[in-house]
Amino acid sequence: MKKFWVLFSLFILPLVFYIFLSKGIYKYSNLPILTENVINVNELESTTNVSFTNQLSIVCFLGSDINTAKGSLFNLNQTIYKRYYQKPYFQIIAVIPKSSEELYKEAIEELSAFTDISKWHFIYANVNNIETFFNSFKTPYSLNDNLYSENAYIIDMNLRLRGRKDDDDSADGKLYGYNMKSVAILKNKMKDDIDIIYYQLKKTAEKEQRRKREI
């Protein structure tokens, strides 16, 4: 019996651990692409110099009703933005109808009082452009009459919408966006998925460094 446990600890246990670890790494290193070729945000408004290219972007559609949007704005700021704004490539883009610029001044000032908002980009655009931009994400969701969406979306450096294909809480398993009204979803799902993309970026950079050393 003693010999069995010695053999088990030396050979079987490490093998089981390796299989478990390799499966975990595989899952962790692959966040599905749900939509390709979304419209670049710099096409939304001609005066903006904000772009999806070479950036990891979180996009939200706040609409024209500040009372509806304010909770979502602050949830996203506290749970996601403050965790990642010092990381490379990261930015959050808030899309707002042009007619609502004055409504958001106070909320943005309130936000900036306790947050470095340099990685927040507030883009004001006309109704048609916002709808066309949102539709390019090709999600099953829709904007409400105020052009608000309760979800925030992850767009990668190559203009692709990222999300899940095995989400337990979605009817078909696909999760296109993350409900900003739910701190739990932002913390337990969106944070994890952003971490996956940063993990992928890290592994890609390491692979490129090894390739350069071999040349």
# chains A, B, ... in the order shown; residues from 1 in each chain; ligands from 1
>>> select_by_dssp(residues="range 151-213 of chain A", states="strand (DSSP E or B)", output="PyMOL selection string")
chain A and resi 151-155+161-162+164+175+178-179
>>> write_last_selection(atoms="C-alpha atoms", output="short mmCIF file (atom, residue, chain, number, x, y, z; two decimals), in the first residue's frame")
data_model
loop_
_atom_site.label_atom_id
_atom_site.label_comp_id
_atom_site.auth_asym_id
_atom_site.auth_seq_id
_atom_site.Cartn_x
_atom_site.Cartn_y
_atom_site.Cartn_z
CA ASN A 151 -24.66 46.12 -22.24
CA ALA A 152 -21.00 47.03 -22.64
CA TYR A 153 -19.04 45.39 -25.47
CA ILE A 154 -15.44 44.26 -25.94
CA ILE A 155 -13.82 45.22 -29.26
CA LEU A 161 -16.36 41.84 -31.11
CA ARG A 162 -15.28 39.33 -28.48
CA ARG A 164 -18.55 33.90 -25.06
CA LEU A 175 -22.70 36.33 -24.74
CA TYR A 178 -22.05 42.47 -20.47
CA ASN A 179 -24.91 43.98 -18.47
#
>>> closest_residue(among="A:Ile130, A:Ala171, A:Ile66, A:Ala125", to="Glu106 in chain A", atoms="only C-alpha atoms")
A:Ile66
>>> residues_around(residues="Asp166 in chain A", least_positions_apart="5", cutoff="12 Å", atoms="only C-alpha atoms", output="JSON, numbers by chain")
{"A": [27, 30, 31, 32, 34, 171, 172, 173, 174, 175, 176, 189]}
>>> residues_around(residues="Asn49 in chain A", least_positions_apart="2", cutoff="12 Å", atoms="only C-alpha atoms", output="list of chain:residue names")
A:Asn40, A:Val41, A:Asn42, A:Glu43, A:Leu44, A:Glu45, A:Ser46, A:Thr47, A:Ser51, A:Phe52, A:Thr53, A:Ile93, A:His121, A:Phe122, A:Ile123
>>> write_last_selection(atoms="N, CA, C and O atoms", output="PDB file, in the first residue's frame")
ATOM      1  N   ASN A  40     -15.192  50.949 -37.470  1.00  0.00           N
ATOM      2  CA  ASN A  40     -14.239  51.617 -36.576  1.00  0.00           C
ATOM      3  C   ASN A  40     -14.894  52.860 -35.984  1.00  0.00           C
ATOM      4  O   ASN A  40     -15.622  53.587 -36.668  1.00  0.00           O
ATOM      5  N   VAL A  41     -14.628  53.103 -34.722  1.00  0.00           N
ATOM      6  CA  VAL A  41     -15.280  54.208 -34.031  1.00  0.00           C
ATOM      7  C   VAL A  41     -14.908  55.564 -34.622  1.00  0.00           C
ATOM      8  O   VAL A  41     -15.664  56.540 -34.488  1.00  0.00           O
ATOM      9  N   ASN A  42     -13.785  55.672 -35.322  1.00  0.00           N
ATOM     10  CA  ASN A  42     -13.418  56.960 -35.920  1.00  0.00           C
ATOM     11  C   ASN A  42     -14.300  57.327 -37.113  1.00  0.00           C
ATOM     12  O   ASN A  42     -14.221  58.446 -37.628  1.00  0.00           O
ATOM     13  N   GLU A  43     -15.119  56.380 -37.553  1.00  0.00           N
ATOM     14  CA  GLU A  43     -16.087  56.674 -38.610  1.00  0.00           C
ATOM     15  C   GLU A  43     -17.412  57.178 -38.045  1.00  0.00           C
ATOM     16  O   GLU A  43     -18.289  57.619 -38.787  1.00  0.00           O
ATOM     17  N   LEU A  44     -17.556  57.106 -36.754  1.00  0.00           N
ATOM     18  CA  LEU A  44     -18.797  57.520 -36.098  1.00  0.00           C
ATOM     19  C   LEU A  44     -18.963  59.036 -36.099  1.00  0.00           C
ATOM     20  O   LEU A  44     -20.063  59.546 -36.281  1.00  0.00           O
ATOM     21  N   GLU A  45     -17.861  59.724 -35.898  1.00  0.00           N
ATOM     22  CA  GLU A  45     -17.884  61.188 -35.838  1.00  0.00           C
ATOM     23  C   GLU A  45     -16.579  61.707 -36.431  1.00  0.00           C
ATOM     24  O   GLU A  45     -15.494  61.332 -35.993  1.00  0.00           O
ATOM     25  N   SER A  46     -16.672  62.578 -37.422  1.00  0.00           N
ATOM     26  CA  SER A  46     -15.498  63.009 -38.190  1.00  0.00           C
ATOM     27  C   SER A  46     -14.478  63.774 -37.350  1.00  0.00           C
ATOM     28  O   SER A  46     -13.295  63.813 -37.682  1.00  0.00           O
ATOM     29  N   THR A  47     -14.914  64.368 -36.257  1.00  0.00           N
ATOM     30  CA  THR A  47     -13.994  65.177 -35.456  1.00  0.00           C
ATOM     31  C   THR A  47     -13.205  64.367 -34.432  1.00  0.00           C
ATOM     32  O   THR A  47     -12.299  64.903 -33.781  1.00  0.00           O
ATOM     33  N   SER A  51      -9.792  55.617 -32.035  1.00  0.00           N
ATOM     34  CA  SER A  51      -9.853  54.507 -32.982  1.00  0.00           C
ATOM     35  C   SER A  51      -9.813  53.181 -32.234  1.00  0.00           C
ATOM     36  O   SER A  51      -9.289  53.103 -31.116  1.00  0.00           O
ATOM     37  N   PHE A  52     -10.369  52.147 -32.861  1.00  0.00           N
ATOM     38  CA  PHE A  52     -10.253  50.791 -32.319  1.00  0.00           C
ATOM     39  C   PHE A  52      -8.890  50.175 -32.633  1.00  0.00           C
ATOM     40  O   PHE A  52      -8.450  49.260 -31.944  1.00  0.00           O
ATOM     41  N   THR A  53      -8.254  50.648 -33.688  1.00  0.00           N
ATOM     42  CA  THR A  53      -7.008  50.048 -34.151  1.00  0.00           C
ATOM     43  C   THR A  53      -5.932  50.116 -33.066  1.00  0.00           C
ATOM     44  O   THR A  53      -5.677  51.174 -32.477  1.00  0.00           O
ATOM     45  N   ILE A  93     -15.022  53.623 -24.463  1.00  0.00           N
ATOM     46  CA  ILE A  93     -15.669  54.579 -25.355  1.00  0.00           C
ATOM     47  C   ILE A  93     -17.161  54.614 -25.037  1.00  0.00           C
ATOM     48  O   ILE A  93     -17.838  53.583 -25.070  1.00  0.00           O
ATOM     49  N   HIS A 121     -13.398  57.943 -23.300  1.00  0.00           N
ATOM     50  CA  HIS A 121     -13.644  58.793 -24.472  1.00  0.00           C
ATOM     51  C   HIS A 121     -15.151  58.903 -24.676  1.00  0.00           C
ATOM     52  O   HIS A 121     -15.831  57.893 -24.888  1.00  0.00           O
ATOM     53  N   PHE A 122     -15.655  60.117 -24.594  1.00  0.00           N
ATOM     54  CA  PHE A 122     -17.082  60.367 -24.777  1.00  0.00           C
ATOM     55  C   PHE A 122     -17.292  60.934 -26.183  1.00  0.00           C
ATOM     56  O   PHE A 122     -16.804  62.019 -26.501  1.00  0.00           O
ATOM     57  N   ILE A 123     -17.995  60.172 -27.001  1.00  0.00           N
ATOM     58  CA  ILE A 123     -18.187  60.561 -28.397  1.00  0.00           C
ATOM     59  C   ILE A 123     -19.658  60.862 -28.637  1.00  0.00           C
ATOM     60  O   ILE A 123     -20.528  60.031 -28.388  1.00  0.00           O
TER      61      ILE A 123
END
>>> residues_around(residues="Ile92 in chain A", least_positions_apart="5", cutoff="6 Å", atoms="only C-alpha atoms", output="MDAnalysis selection string")
chainID A and resid 57:59 120
>>> closest_residue(among="A:Thr48, A:Thr35, A:Thr204, A:Ser64", to="Thr139 in chain A", atoms="only C-alpha atoms")
A:Thr35
>>> select_by_dssp(residues="range 40-183 of chain A", states="alpha helix (DSSP H)", output="MDAnalysis selection string")
chainID A and resid 66:76 82:84 101:112 127:135 183
>>> closest_atom_pairs(of="range 97-132 of chain A", to="range 75-85 of chain A", cutoff="10 Å", atoms="only C-alpha atoms", output="JSON lines")
{"residue": "A:Leu111", "atom": "CA", "partner": "A:Asn77", "partner_atom": "CA", "distance": 8.3}
{"residue": "A:Thr115", "atom": "CA", "partner": "A:Lys82", "partner_atom": "CA", "distance": 7.7}
{"residue": "A:Asp116", "atom": "CA", "partner": "A:Tyr85", "partner_atom": "CA", "distance": 8.5}
{"residue": "A:Ile117", "atom": "CA", "partner": "A:Tyr85", "partner_atom": "CA", "distance": 8.5}
{"residue": "A:Ser118", "atom": "CA", "partner": "A:Tyr85", "partner_atom": "CA", "distance": 8.4}
{"residue": "A:Lys119", "atom": "CA", "partner": "A:Tyr85", "partner_atom": "CA", "distance": 6.2}
{"residue": "A:Trp120", "atom": "CA", "partner": "A:Tyr81", "partner_atom": "CA", "distance": 8.3}
>>> write_last_selection(atoms="C-alpha atoms", output="PDB file, in the first residue's frame")
ATOM      1  CA  LEU A 111     -16.594  61.042 -12.540  1.00  0.00           C
ATOM      2  CA  THR A 115     -10.999  59.095 -11.311  1.00  0.00           C
ATOM      3  CA  ASP A 116      -8.306  59.789 -13.901  1.00  0.00           C
ATOM      4  CA  ILE A 117     -10.619  59.721 -16.922  1.00  0.00           C
ATOM      5  CA  SER A 118      -7.911  60.037 -19.568  1.00  0.00           C
ATOM      6  CA  LYS A 119      -8.823  56.598 -20.962  1.00  0.00           C
ATOM      7  CA  TRP A 120     -12.538  57.440 -21.079  1.00  0.00           C
TER       8      TRP A 120
END
>>> residues_around(residues="Leu143 in chain A", least_positions_apart="5", cutoff="9 Å", atoms="only C-alpha atoms", output="PyMOL selection string")
chain A and resi 61+63+131+134+148-150
